[in-house]
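Asker: Here you go, query_18.txt (compact mmCIF, C-alpha atoms (C1' of nucleotides)):
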```txt
# COMPACT_ATOMS: atom_id res chain seq x y z
CA MET A 1 0.00 0.00 0.00
CA GLY A 2 2.24 2.77 -1.28
CA HIS A 3 1.63 6.43 -0.67
CA LEU A 4 1.62 8.50 -3.81
CA PRO A 5 4.21 11.29 -3.78
CA PRO A 6 3.03 14.83 -4.45
CA TYR A 7 3.71 16.33 -7.87
CA ALA A 8 3.57 19.89 -9.16
CA PRO A 9 2.10 20.41 -12.61
CA MET A 10 4.43 21.17 -15.50
CA THR A 11 3.39 24.26 -17.43
CA ALA A 12 3.83 25.46 -20.98
CA ARG A 13 5.50 28.48 -22.43
CA LEU A 14 3.49 30.76 -24.70
CA GLY A 15 4.86 30.86 -28.20
CA PRO A 16 4.32 30.43 -31.92
CA LEU A 17 3.62 27.18 -33.71
CA PRO A 18 6.89 25.27 -34.23
CA PRO A 19 8.22 25.80 -37.75
CA ARG A 20 7.38 23.19 -40.37
CA SER A 21 10.96 21.90 -40.24
CA ARG A 22 10.50 20.87 -36.61
CA ASP A 23 6.84 19.88 -36.83
CA GLU A 24 7.42 16.15 -36.52
CA LEU A 25 9.29 16.58 -33.22
CA TYR A 26 6.06 17.55 -31.46
CA GLY A 27 2.80 15.99 -30.42
CA TYR A 28 -0.16 18.37 -30.66
CA GLU A 29 -3.06 18.50 -28.25
CA MET A 30 -6.12 20.73 -28.15
CA LYS A 31 -5.90 23.38 -25.44
CA TRP A 32 -8.91 23.23 -23.12
CA ASP A 33 -10.10 26.29 -21.21
CA GLY A 34 -10.79 25.08 -17.70
CA VAL A 35 -8.93 24.47 -14.45
CA ARG A 36 -5.81 22.38 -14.21
CA ALA A 37 -5.92 19.50 -11.78
CA LEU A 38 -3.76 16.55 -10.83
CA GLY A 39 -5.77 13.41 -10.01
CA TYR A 40 -4.36 11.07 -7.38
CA VAL A 41 -6.04 7.66 -7.58
CA GLU A 42 -5.31 5.31 -4.72
CA GLY A 43 -7.26 2.81 -2.66
CA GLY A 44 -10.31 3.19 -4.90
CA ARG A 45 -10.53 6.93 -4.27
CA LEU A 46 -9.79 10.01 -6.36
CA ARG A 47 -8.16 13.13 -4.91
CA LEU A 48 -8.05 16.25 -7.09
CA VAL A 49 -5.41 18.89 -6.41
CA SER A 50 -5.34 22.36 -7.94
CA ARG A 51 -2.32 24.04 -9.45
CA ASN A 52 -1.83 25.80 -6.13
CA GLY A 53 -1.73 22.56 -4.18
CA LEU A 54 -5.25 22.81 -2.74
CA ASP A 55 -7.50 19.78 -2.47
CA VAL A 56 -10.51 20.53 -4.69
CA THR A 57 -12.00 17.04 -4.71
CA VAL A 58 -15.27 17.99 -3.03
CA ALA A 59 -16.10 20.53 -5.75
CA TYR A 60 -16.33 17.85 -8.46
CA PRO A 61 -18.25 14.86 -7.05
CA GLU A 62 -19.18 13.56 -10.50
CA LEU A 63 -15.51 12.70 -11.12
CA GLY A 64 -15.35 10.32 -8.15
CA PRO A 65 -16.16 7.19 -10.22
CA LEU A 66 -12.96 7.78 -12.17
CA ALA A 67 -11.18 5.90 -9.38
CA ASP A 68 -12.87 2.69 -10.51
CA ALA A 69 -11.84 3.24 -14.14
CA VAL A 70 -8.14 3.36 -13.30
CA ALA A 71 -6.09 0.20 -12.99
CA GLY A 72 -4.31 0.43 -9.63
CA ALA A 73 -2.77 3.56 -8.16
CA ALA A 74 -1.92 6.45 -10.46
CA VAL A 75 -1.31 10.19 -10.65
CA LEU A 76 -3.04 11.80 -13.62
CA ASP A 77 -2.75 15.27 -15.10
CA GLY A 78 -5.54 17.03 -16.94
CA GLU A 79 -7.98 19.89 -17.25
CA ILE A 80 -11.41 20.09 -15.64
CA VAL A 81 -13.74 21.60 -18.22
CA ALA A 82 -17.37 22.70 -18.31
CA PHE A 83 -18.97 22.62 -21.75
CA GLY A 84 -21.22 25.54 -22.55
CA PRO A 85 -24.55 25.51 -24.37
CA ARG A 86 -22.89 25.52 -27.78
CA GLY A 87 -20.70 22.56 -27.03
CA HIS A 88 -17.33 24.17 -26.47
CA PRO A 89 -15.48 24.67 -23.18
CA SER A 90 -16.79 27.63 -21.20
CA PHE A 91 -14.63 29.03 -18.44
CA ALA A 92 -17.54 31.20 -17.38
CA ALA A 93 -19.70 28.10 -16.87
CA LEU A 94 -16.99 26.65 -14.64
CA GLN A 95 -16.39 29.67 -12.45
CA PRO A 96 -19.31 29.21 -10.05
CA ARG A 97 -18.02 25.69 -9.35
CA MET A 98 -14.39 26.57 -8.71
CA HIS A 99 -14.89 28.43 -5.45
CA GLN A 100 -17.97 26.66 -4.22
CA ARG A 101 -17.86 24.96 -0.80
CA ASP A 102 -21.53 24.43 -0.08
CA PRO A 103 -22.28 20.72 -0.71
CA ALA A 104 -25.90 21.40 -1.64
CA LYS A 105 -24.93 23.98 -4.24
CA ILE A 106 -22.21 21.69 -5.56
CA ARG A 107 -24.72 18.86 -6.02
CA MET A 108 -27.04 21.22 -7.85
CA LEU A 109 -24.28 22.51 -10.14
CA ALA A 110 -23.03 18.97 -10.79
CA ARG A 111 -26.51 18.15 -12.11
CA THR A 112 -27.06 21.28 -14.19
CA THR A 113 -23.49 21.85 -15.41
CA PRO A 114 -21.48 18.66 -15.04
CA VAL A 115 -17.76 18.91 -15.72
CA THR A 116 -15.51 16.66 -17.76
CA TYR A 117 -11.96 15.74 -16.75
CA LEU A 118 -9.80 15.76 -19.88
CA ILE A 119 -6.72 13.73 -18.99
CA PHE A 120 -3.55 14.28 -20.98
CA ASP A 121 -0.70 12.88 -18.90
CA ILE A 122 0.26 10.30 -16.29
CA LEU A 123 2.97 10.98 -13.72
CA HIS A 124 2.84 7.86 -11.61
CA ARG A 125 1.60 4.31 -11.98
CA GLY A 126 1.57 1.69 -9.24
CA ASP A 127 4.59 2.40 -7.07
CA ALA A 128 6.78 3.86 -9.83
CA THR A 129 7.08 7.39 -11.10
CA ALA A 130 6.53 7.90 -14.82
CA ILE A 131 7.89 11.39 -15.19
CA ARG A 132 11.18 10.30 -16.75
CA LEU A 133 9.43 8.44 -19.55
CA PRO A 134 9.28 10.33 -22.84
CA TYR A 135 5.96 11.91 -23.77
CA VAL A 136 4.95 9.21 -26.25
CA GLU A 137 5.51 6.45 -23.72
CA ARG A 138 3.56 8.28 -21.03
CA ARG A 139 0.70 8.68 -23.49
CA ASP A 140 0.77 4.94 -24.23
CA LEU A 141 0.78 4.19 -20.53
CA LEU A 142 -2.12 6.57 -20.05
CA ASP A 143 -4.19 4.74 -22.67
CA ARG A 144 -3.47 1.43 -20.97
CA THR A 145 -4.36 2.78 -17.53
CA ILE A 146 -7.77 4.41 -18.01
CA SER A 147 -11.00 2.98 -19.31
CA ALA A 148 -13.66 5.15 -20.87
CA GLY A 149 -16.27 6.96 -18.82
CA GLU A 150 -19.04 9.49 -19.21
CA ARG A 151 -17.38 12.32 -17.29
CA TRP A 152 -13.73 11.86 -18.26
CA ASP A 153 -11.79 11.35 -21.44
CA VAL A 154 -8.27 10.98 -22.77
CA PRO A 155 -8.32 13.23 -25.85
CA PRO A 156 -5.98 12.09 -28.62
CA TYR A 157 -2.81 13.85 -29.65
CA SER A 158 -1.45 14.23 -33.12
CA PRO A 159 2.23 13.48 -33.79
CA GLY A 160 3.19 16.23 -36.22
CA GLY A 161 0.50 18.03 -38.21
CA GLY A 162 0.70 21.18 -36.12
CA ALA A 163 -0.81 23.50 -38.71
CA ALA A 164 -3.83 21.26 -39.22
CA ALA A 165 -4.28 20.82 -35.47
CA PHE A 166 -4.16 24.58 -35.00
CA ARG A 167 -6.83 25.06 -37.69
CA THR A 168 -8.99 22.40 -36.09
CA SER A 169 -8.70 24.10 -32.70
CA HIS A 170 -10.00 27.28 -34.30
CA GLU A 171 -12.96 25.53 -35.94
CA LEU A 172 -13.84 23.94 -32.61
CA ARG A 173 -13.65 27.38 -30.97
CA LEU A 174 -10.89 26.24 -28.63
CA GLU A 175 -8.13 28.44 -27.22
CA GLY A 176 -5.45 26.88 -29.38
CA VAL A 177 -3.10 23.92 -29.16
CA VAL A 178 -0.26 22.75 -26.96
CA ALA A 179 2.81 21.39 -28.75
CA LYS A 180 4.78 18.90 -26.67
CA ARG A 181 8.19 17.50 -27.52
CA LEU A 182 7.65 13.82 -28.22
CA THR A 183 10.90 12.86 -26.49
CA SER A 184 10.54 15.12 -23.46
CA ALA A 185 10.24 14.05 -19.84
CA TYR A 186 7.65 15.51 -17.46
CA GLN A 187 9.31 18.32 -15.54
CA PRO A 188 7.21 18.94 -12.40
CA GLY A 189 6.71 22.58 -11.47
CA ARG A 190 8.63 23.88 -14.45
CA ARG A 191 7.48 26.16 -17.25
CA SER A 192 9.46 24.35 -19.87
CA GLY A 193 10.04 25.11 -23.51
CA ASP A 194 9.29 21.45 -24.20
CA TRP A 195 5.62 22.42 -23.96
CA VAL A 196 4.51 25.37 -26.06
CA LYS A 197 0.97 26.70 -25.93
CA VAL A 198 -0.07 28.30 -29.19
CA LYS A 199 -3.13 30.49 -28.79
CA HIS A 200 -5.58 32.16 -31.11
CA PHE A 201 -5.37 35.85 -30.36
CA ARG A 202 -7.87 38.44 -31.45
CA THR A 203 -7.22 42.13 -31.76
CA GLN A 204 -9.60 45.01 -31.14
CA GLU A 205 -9.29 48.71 -31.61
CA VAL A 206 -10.25 50.62 -28.49
CA VAL A 207 -10.89 54.20 -27.41
CA VAL A 208 -9.12 55.35 -24.25
CA GLY A 209 -11.65 57.01 -21.96
CA GLY A 210 -9.55 57.36 -18.82
CA TRP A 211 -6.82 55.84 -16.71
CA LYS A 212 -6.13 54.67 -13.20
CA PRO A 213 -2.94 55.35 -11.26
CA GLY A 214 -0.62 52.45 -10.58
CA GLU A 215 1.16 51.11 -7.54
CA GLY A 216 4.75 50.29 -6.66
CA ARG A 217 6.95 50.99 -9.64
CA ARG A 218 4.02 52.66 -11.39
CA ALA A 219 2.86 54.67 -8.38
CA ARG A 220 3.56 58.03 -9.99
CA GLY A 221 1.92 57.27 -13.31
CA ILE A 222 -0.55 55.13 -15.18
CA GLY A 223 -1.53 51.73 -13.86
CA SER A 224 -4.17 50.86 -16.41
CA LEU A 225 -6.29 52.39 -19.17
CA LEU A 226 -10.10 52.43 -19.22
CA LEU A 227 -11.30 51.29 -22.62
CA GLY A 228 -14.42 51.67 -24.71
CA VAL A 229 -15.84 50.70 -28.08
CA ARG A 230 -18.81 52.12 -29.98
CA ASP A 231 -22.02 50.14 -30.17
CA PRO A 232 -24.10 50.09 -33.38
CA ALA A 233 -25.87 53.26 -32.24
CA GLY A 234 -22.53 55.05 -31.95
CA ARG A 235 -22.49 55.23 -28.16
CA LEU A 236 -19.19 54.66 -26.40
CA VAL A 237 -19.59 51.52 -24.30
CA TYR A 238 -17.22 50.57 -21.48
CA ALA A 239 -15.07 47.52 -22.31
CA GLY A 240 -12.85 47.08 -19.25
CA HIS A 241 -9.23 48.06 -18.54
CA VAL A 242 -5.88 47.05 -19.84
CA GLY A 243 -2.85 47.14 -17.55
CA THR A 244 -0.21 45.13 -19.33
CA GLY A 245 1.70 45.13 -22.59
CA PHE A 246 3.31 48.56 -22.30
CA THR A 247 6.93 49.34 -21.68
CA GLU A 248 7.75 52.03 -19.17
CA ALA A 249 8.52 54.36 -22.06
CA ALA A 250 5.07 53.71 -23.55
CA LEU A 251 3.45 54.45 -20.20
CA ALA A 252 5.30 57.72 -19.92
CA ASP A 253 4.29 58.67 -23.45
CA LEU A 254 0.65 57.83 -22.77
CA GLY A 255 0.75 59.91 -19.61
CA ALA A 256 1.93 62.91 -21.56
CA ARG A 257 -0.72 62.45 -24.23
CA LEU A 258 -3.58 61.92 -21.78
CA ALA A 259 -2.76 64.84 -19.47
CA PRO A 260 -4.23 67.53 -21.76
CA LEU A 261 -7.31 65.39 -22.43
CA ALA A 262 -8.48 65.36 -18.81
CA ARG A 263 -12.18 65.93 -18.17
CA ALA A 264 -14.35 65.82 -15.08
CA THR A 265 -16.91 63.22 -16.07
CA SER A 266 -16.94 59.76 -17.58
CA PRO A 267 -17.02 59.74 -21.39
CA PHE A 268 -18.77 56.37 -21.43
CA ALA A 269 -22.47 56.21 -22.33
CA ASP A 270 -23.15 53.38 -19.94
CA GLU A 271 -22.34 53.30 -16.26
CA VAL A 272 -18.84 52.14 -15.33
CA PRO A 273 -19.02 49.82 -12.30
CA ARG A 274 -18.10 51.62 -9.14
CA GLU A 275 -15.07 49.43 -8.37
CA HIS A 276 -13.72 50.34 -11.79
CA ALA A 277 -14.56 54.02 -11.62
CA ARG A 278 -12.90 54.46 -8.24
CA HIS A 279 -9.72 56.53 -8.61
CA ALA A 280 -10.38 56.89 -12.33
CA HIS A 281 -9.10 59.93 -14.20
CA TRP A 282 -11.49 60.53 -17.12
CA THR A 283 -10.27 61.78 -20.48
CA GLU A 284 -11.79 62.98 -23.73
CA PRO A 285 -12.36 59.84 -25.79
CA VAL A 286 -10.13 60.63 -28.74
CA LEU A 287 -7.05 58.46 -28.32
CA VAL A 288 -7.27 55.16 -30.23
CA GLY A 289 -5.17 52.10 -29.51
CA GLU A 290 -5.13 48.39 -30.18
CA VAL A 291 -5.30 45.50 -27.72
CA ARG A 292 -4.80 41.77 -28.07
CA TYR A 293 -7.27 39.70 -26.08
CA ALA A 294 -8.61 36.18 -25.59
CA GLU A 295 -12.38 36.72 -25.77
CA TRP A 296 -15.28 38.94 -24.74
CA THR A 297 -16.84 38.09 -21.40
CA GLY A 298 -20.57 37.90 -20.91
CA ASP A 299 -20.46 41.41 -19.44
CA GLY A 300 -18.88 42.92 -22.53
CA ARG A 301 -15.37 43.10 -21.09
CA LEU A 302 -12.14 42.07 -22.73
CA ARG A 303 -10.63 38.96 -21.18
CA HIS A 304 -6.82 38.87 -20.89
CA PRO A 305 -6.27 42.15 -22.70
CA SER A 306 -2.80 43.42 -23.48
CA TRP A 307 -1.85 46.74 -25.01
CA ARG A 308 -0.29 46.65 -28.48
CA GLY A 309 0.13 50.37 -29.09
CA LEU A 310 -1.52 53.53 -30.36
CA ARG A 311 -3.40 53.64 -33.65
CA PRO A 312 -3.01 57.26 -34.74
CA ASP A 313 -4.33 56.29 -38.16
CA ARG A 314 -7.75 55.50 -36.68
CA ARG A 315 -10.53 57.87 -35.71
CA ALA A 316 -12.25 57.37 -32.37
CA GLU A 317 -15.65 57.70 -34.04
CA ASP A 318 -14.98 54.59 -36.13
CA VAL A 319 -13.94 52.21 -33.35
CA VAL A 320 -16.60 49.53 -33.12
CA ARG A 321 -16.66 46.15 -31.46
CA GLU A 322 -15.57 43.59 -33.99
CA PRO A 323 -17.20 40.18 -34.24
CA GLY A 324 -15.41 37.46 -32.36
C1' DT B 325 30.03 37.78 -25.24
C1' DT B 326 25.25 36.90 -25.86
C1' DC B 327 21.22 34.50 -24.89
C1' DC B 328 17.96 31.77 -22.02
C1' DG B 329 15.33 30.66 -17.98
C1' DA B 330 13.48 31.70 -13.69
C1' DC B 331 11.60 35.22 -10.71
C1' DA B 332 9.56 39.27 -9.06
C1' DG B 333 6.40 42.67 -9.92
C1' DT B 334 2.98 45.05 -12.42
C1' DG B 335 -1.63 44.77 -14.48
C1' DG B 336 -6.52 42.38 -16.11
C1' DG B 337 -11.86 39.44 -15.57
C1' DG B 338 -14.16 36.73 -12.52
C1' DT B 339 -16.19 34.15 -7.94
C1' DC B 340 -16.74 33.33 -3.09
C1' DG B 341 -16.24 34.03 1.90
C1' DC B 342 -15.51 36.91 5.67
C1' DA B 343 -14.48 41.05 8.28
C1' DA B 344 -15.28 45.82 8.64
C1' DT B 345 -18.45 49.40 8.16
C1' DA C 346 -27.36 44.96 4.95
C1' DT C 347 -23.67 46.66 2.33
C1' DT C 348 -19.01 47.19 1.24
C1' DG C 349 -14.26 46.16 0.90
C1' DC C 350 -10.76 42.96 0.61
C1' DG C 351 -8.10 38.77 0.18
C1' DA C 352 -7.81 34.17 -1.66
C1' DC C 353 -8.48 31.55 -5.35
C1' DC C 354 -9.09 30.42 -10.48
C1' DC C 355 -7.85 31.98 -15.30
C1' DC C 356 -4.07 35.00 -17.37
C1' DA C 357 -0.22 38.77 -20.35
C1' DC C 358 3.53 41.11 -19.94
C1' DT C 359 8.15 43.85 -18.60
C1' DA C 360 12.37 44.16 -16.13
C1' DT C 361 16.14 41.91 -14.02
C1' DC C 362 19.83 38.85 -13.05
C1' DG C 363 22.69 34.76 -13.00
C1' DG C 364 24.18 30.89 -15.46
C1' DA C 365 24.24 28.37 -19.76
C1' DA C 366 25.60 28.37 -24.49
```
Can the structure from this file be put into structure tokens for me?
Answerer:
Amino acid sequence: MGHLPPYAPMTARLGPLPPRSRDELYGYEMKWDGVRALGYVEGGRLRLVSRNGLDVTVAYPELGPLADAVAGAAVLDGEIVAFGPRGHPSFAALQPRMHQRDPAKIRMLARTTPVTYLIFDILHRGDATAIRLPYVERRDLLDRTISAGERWDVPPYSPGGGAAAFRTSHELRLEGVVAKRLTSAYQPGRRSGDWVKVKHFRTQEVVVGGWKPGEGRRARGIGSLLLGVRDPAGRLVYAGHVGTGFTEAALADLGARLAPLARATSPFADEVPREHARHAHWTEPVLVGEVRYAEWTGDGRLRHPSWRGLRPDRRAEDVVREPG
DNA sequence: TTCCGACAGTGGGGTCGCAAT
DNA sequence: ATTGCGACCCCACTATCGGAA
């Protein structure tokens, strides 16, 4: 009766698709938008541990039967995903579950929005670690270890074929793909270049309608910019803030440009939430920039926005929310 | 010498729980 | 009862420094 050792999840570096000349060195997996979890199966029980080392087992009772679908003791690595109404992973659908402690609410959510554990790696089997095995051998071991179930799956990987996999991920409305070196070992706790996540980014032109002061290094200047886009009626609608992507030089430049544009009231047609408006310095909505982002949230905010730079060639009147 | 990898530090959208008001 | 705040999830990015290449 061995005791499974703790593992820390290996993470991927963000980057471009490997060049065609190196394509066949990688296995490609779909990237699922959910929460990362290691699954410790031992003594007929499953224990789920978050990236931060917290035991999150109680939040996902529908995954419990996985313990019976695993041959012997094992440590699995995968993503817990909630599928939205249109059949693709929805982080928003998962969020109420992630922090929930109330057993009654958890049971209710498990009925209405059951999750799926998408397993893509195995770190331990029986009383032996598997992390030194190359990726392809771990994947083989994974297939031999788990039998199919309703609420979990071992999605396939594609050896080579990165460009096609990336296109497929777009058609399926997924975040992108993860390219993993076929010969690489599992490196616990490391953000290794052997795993590269390749994401679909969108860009959006935005109007700057204000800014908020920063803290620490940025205490004397801009911390983030308040952004807006025009709706079909031409009204400037609040779209959230962006606080990353600029160099210190860019921040200083923006500060100088925004200073003469100061005004007393919000330029947005809709109401900016009070937490966001607190400490805001409003400006005339004339400066246009571009951000890169992951998706629009249900509240019309940009998720994971990063600043790309000013767009002096664009007029603030023409900045509309683009489809996507 | 230059480059890479790891870290610290800044910022974002969200949710929940709890303490302060 | 409401509000504020920290702890968690997801994350992008810049600046820095020491060691590898």
Asker: Residues of chain C near chain A: apply a cut-off of 10 Å, count all atoms listed in the file, and supply the list as number ranges by chain.
Answerer: C: 349, 352-360
Asker: Near chain A, meaning an atom within 6 Å, which residues of chain B appear when counting all atoms listed in the file? Write them as a list of chain:residue names.
Answerer: B:DG335, B:DG336, B:DG337, B:DC340
Asker: Mind listing as a ChimeraX atom specification all residues within 12 Å of (15.3, 29.1, -13.4), counting only C-alpha atoms (C1' of nucleotides)?
Answerer: /A:189-192 /B:328-331 /C:362-365
Asker: Keeping only C-alpha atoms (C1' of nucleotides), take the residues you just selected and write them out as an mmCIF file, keeping the file's coordinate frame.
Answerer:
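Written file, selection_19.cif:
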```cif
data_model
loop_
_atom_site.group_PDB
_atom_site.id
_atom_site.type_symbol
_atom_site.label_atom_id
_atom_site.label_comp_id
_atom_site.auth_asym_id
_atom_site.auth_seq_id
_atom_site.Cartn_x
_atom_site.Cartn_y
_atom_site.Cartn_z
ATOM 1 C CA GLY A 189 6.710 22.580 -11.470
ATOM 2 C CA ARG A 190 8.630 23.880 -14.450
ATOM 3 C CA ARG A 191 7.480 26.160 -17.250
ATOM 4 C CA SER A 192 9.460 24.350 -19.870
ATOM 5 C "C1'" DC B 328 17.960 31.770 -22.020
ATOM 6 C "C1'" DG B 329 15.330 30.660 -17.980
ATOM 7 C "C1'" DA B 330 13.480 31.700 -13.690
ATOM 8 C "C1'" DC B 331 11.600 35.220 -10.710
ATOM 9 C "C1'" DC C 362 19.830 38.850 -13.050
ATOM 10 C "C1'" DG C 363 22.690 34.760 -13.000
ATOM 11 C "C1'" DG C 364 24.180 30.890 -15.460
ATOM 12 C "C1'" DA C 365 24.240 28.370 -19.760
#
```
Asker: I'd like the interatomic distance between atom CA of A:Tyr186 and atom CA of A:Pro5, to a tenth of an Å.
Answerer: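 Between atom CA of A:Tyr186 and atom CA of A:Pro5 the gap is 14.7 Å.
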Asker: Separation of atom CA of A:Val115 and atom CA of A:Ala12, in Å?
Answerer: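 Between atom CA of A:Val115 and atom CA of A:Ala12 the gap is 23.2 Å.
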Asker: Rounded to one decimal in Å, what is the spacing between atom CA of A:Ala110 and atom CA of A:Gly84?
Answerer: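 Atom CA of A:Gly84 lies at a distance of 13.6 Å from atom CA of A:Ala110.
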Asker: Need the shell around A:Pro155: protein/DNA/RNA residues with any atom at most 10 Å away, counting only C-alpha atoms (C1' of nucleotides). Skip same-chain ones fewer than 6 positions apart. Format as a ChimeraX atom specification?
Answerer: /A:29-30,118-120,143
Asker: Determine the nearest neighbour of B:DG341 from the options A:Glu150, A:Asp102, A:Asp231, A:Asp140, counting only C-alpha atoms (C1' of nucleotides).
Answerer: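 Of all the options, A:Asp102 lies closest to B:DG341.
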Asker: Extract, using all atoms listed in the file, all DNA, RNA and protein residues at most 10 Å from C:DC350, discarding same-chain residues fewer than 3 positions from it, and format them as a list in words.
Answerer: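 Neighbouring residues, sequence-local ones excluded: DC342, DA343 and DA344 of chain B.
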Asker: Restricting the calculation to only C-alpha atoms: of A:Gly289, A:Gly15, A:Gly176, A:Gly149, which residue gets closest to A:Trp32?
Answerer: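 Of A:Gly289, A:Gly15, A:Gly176, A:Gly149, the one nearest A:Trp32 is A:Gly176, counting only C-alpha atoms.
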Asker: Quick one: residues within 12 Å of A:Lys31, only C-alpha atoms (C1' of nucleotides), excluding same-chain residues fewer than 2 positions away - as JSON, numbers by chain?
Answerer: {"A": [12, 14, 28, 29, 33, 34, 35, 36, 78, 79, 80, 81, 88, 89, 118, 119, 120, 155, 156, 157, 165, 166, 168, 169, 170, 172, 173, 174, 175, 176, 177, 178, 179, 180, 195, 196, 197, 198, 199, 200]}
Asker: Leaving out A:Ala316 and any residue of its chain fewer than 5 positions from it, which residues lie within 8 Å of it when counting only C-alpha atoms (C1' of nucleotides), given as a list in words?
Answerer: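 Close residues of A:Ala316: Val207, Pro285, Val286, Leu287 and Val288 of chain A.
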Asker: For a quick check of understanding, using only C-alpha atoms (C1' of nucleotides), which of A:Ile146, A:Lys105, A:Thr203, A:Ala219 has the smallest distance to B:DT334?
Answerer: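 Among the listed residues, the smallest separation from B:DT334 belongs to A:Ala219.
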Asker: Export stretch 346-359 of chain C, N, CA and C atoms (P, O5', C5', C4', C3', O3' and C1' of nucleotides), as a CSV table (one decimal), in the first residue's frame; it's the structure right above.
Answerer:
```
chain,number,residue,atom,x,y,z
C,346,DA,P,-30.3,41.5,6.6
C,346,DA,O5',-29.7,42.7,5.8
C,346,DA,C5',-30.6,43.9,5.5
C,346,DA,C4',-29.7,44.9,4.8
C,346,DA,C3',-29.1,44.5,3.5
C,346,DA,O3',-29.2,45.6,2.6
C,346,DA,C1',-27.4,45.0,4.9
C,347,DT,P,-28.7,45.4,1.1
C,347,DT,O5',-27.2,46.1,1.2
C,347,DT,C5',-27.1,47.4,1.7
C,347,DT,C4',-25.6,47.8,1.8
C,347,DT,C3',-24.9,47.5,0.5
C,347,DT,O3',-24.3,48.8,0.1
C,347,DT,C1',-23.7,46.7,2.3
C,348,DT,P,-23.4,48.9,-1.2
C,348,DT,O5',-21.9,48.7,-0.6
C,348,DT,C5',-21.5,49.5,0.5
C,348,DT,C4',-20.1,49.2,0.9
C,348,DT,C3',-19.2,49.0,-0.3
C,348,DT,O3',-18.1,49.9,-0.2
C,348,DT,C1',-19.0,47.2,1.2
C,349,DG,P,-16.9,49.9,-1.3
C,349,DG,O5',-15.8,49.1,-0.6
C,349,DG,C5',-15.6,49.3,0.8
C,349,DG,C4',-14.4,48.5,1.3
C,349,DG,C3',-13.3,48.3,0.3
C,349,DG,O3',-12.1,48.3,1.1
C,349,DG,C1',-14.3,46.2,0.9
C,350,DC,P,-10.7,48.3,0.3
C,350,DC,O5',-10.2,46.8,0.5
C,350,DC,C5',-10.2,46.2,1.8
C,350,DC,C4',-9.9,44.8,1.8
C,350,DC,C3',-8.8,44.4,0.7
C,350,DC,O3',-7.8,43.7,1.4
C,350,DC,C1',-10.8,43.0,0.6
C,351,DG,P,-6.4,43.4,0.6
C,351,DG,O5',-6.3,41.8,0.8
C,351,DG,C5',-6.6,41.3,2.1
C,351,DG,C4',-6.9,39.8,1.9
C,351,DG,C3',-5.9,39.1,1.1
C,351,DG,O3',-5.6,37.8,1.7
C,351,DG,C1',-8.1,38.8,0.2
C,352,DA,P,-4.5,36.9,1.1
C,352,DA,O5',-5.3,35.7,0.5
C,352,DA,C5',-6.2,35.0,1.3
C,352,DA,C4',-7.0,33.9,0.5
C,352,DA,C3',-6.1,33.1,-0.4
C,352,DA,O3',-6.5,31.8,-0.4
C,352,DA,C1',-7.8,34.2,-1.7
C,353,DC,P,-5.5,30.6,-0.6
C,353,DC,O5',-6.0,29.9,-1.9
C,353,DC,C5',-6.0,30.5,-3.1
C,353,DC,C4',-7.2,30.2,-3.9
C,353,DC,C3',-6.9,29.7,-5.3
C,353,DC,O3',-7.1,28.3,-5.3
C,353,DC,C1',-8.5,31.6,-5.4
C,354,DC,P,-6.4,27.5,-6.5
C,354,DC,O5',-7.4,27.7,-7.7
C,354,DC,C5',-6.9,28.0,-9.0
C,354,DC,C4',-8.0,28.4,-9.9
C,354,DC,C3',-7.5,28.9,-11.2
C,354,DC,O3',-7.3,27.7,-12.0
C,354,DC,C1',-9.1,30.4,-10.5
C,355,DC,P,-6.0,27.6,-12.9
C,355,DC,O5',-6.3,28.7,-14.0
C,355,DC,C5',-7.2,28.4,-15.0
C,355,DC,C4',-7.6,29.7,-15.7
C,355,DC,C3',-6.5,30.4,-16.4
C,355,DC,O3',-6.2,29.7,-17.6
C,355,DC,C1',-7.9,32.0,-15.3
C,356,DC,P,-4.6,29.5,-17.9
C,356,DC,O5',-4.1,31.0,-18.0
C,356,DC,C5',-4.6,31.8,-19.0
C,356,DC,C4',-4.4,33.3,-18.8
C,356,DC,C3',-3.1,33.8,-19.2
C,356,DC,O3',-3.0,33.8,-20.6
C,356,DC,C1',-4.1,35.0,-17.4
C,357,DA,P,-1.6,34.1,-21.3
C,357,DA,O5',-1.5,35.7,-21.1
C,357,DA,C5',-2.4,36.6,-21.8
C,357,DA,C4',-1.8,37.9,-21.9
C,357,DA,C3',-0.4,37.9,-22.6
C,357,DA,O3',-0.3,39.0,-23.4
C,357,DA,C1',-0.2,38.8,-20.3
C,358,DC,P,1.0,39.1,-24.4
C,358,DC,O5',2.0,39.9,-23.5
C,358,DC,C5',1.6,41.2,-23.0
C,358,DC,C4',2.6,41.6,-21.9
C,358,DC,C3',4.0,41.5,-22.3
C,358,DC,O3',4.5,42.8,-22.8
C,358,DC,C1',3.5,41.1,-19.9
C,359,DT,P,6.0,43.1,-23.1
C,359,DT,O5',6.6,43.7,-21.8
C,359,DT,C5',6.1,44.8,-21.2
C,359,DT,C4',6.9,45.3,-20.0
C,359,DT,C3',8.4,45.4,-20.3
C,359,DT,O3',8.8,46.6,-19.6
C,359,DT,C1',8.2,43.8,-18.6
```
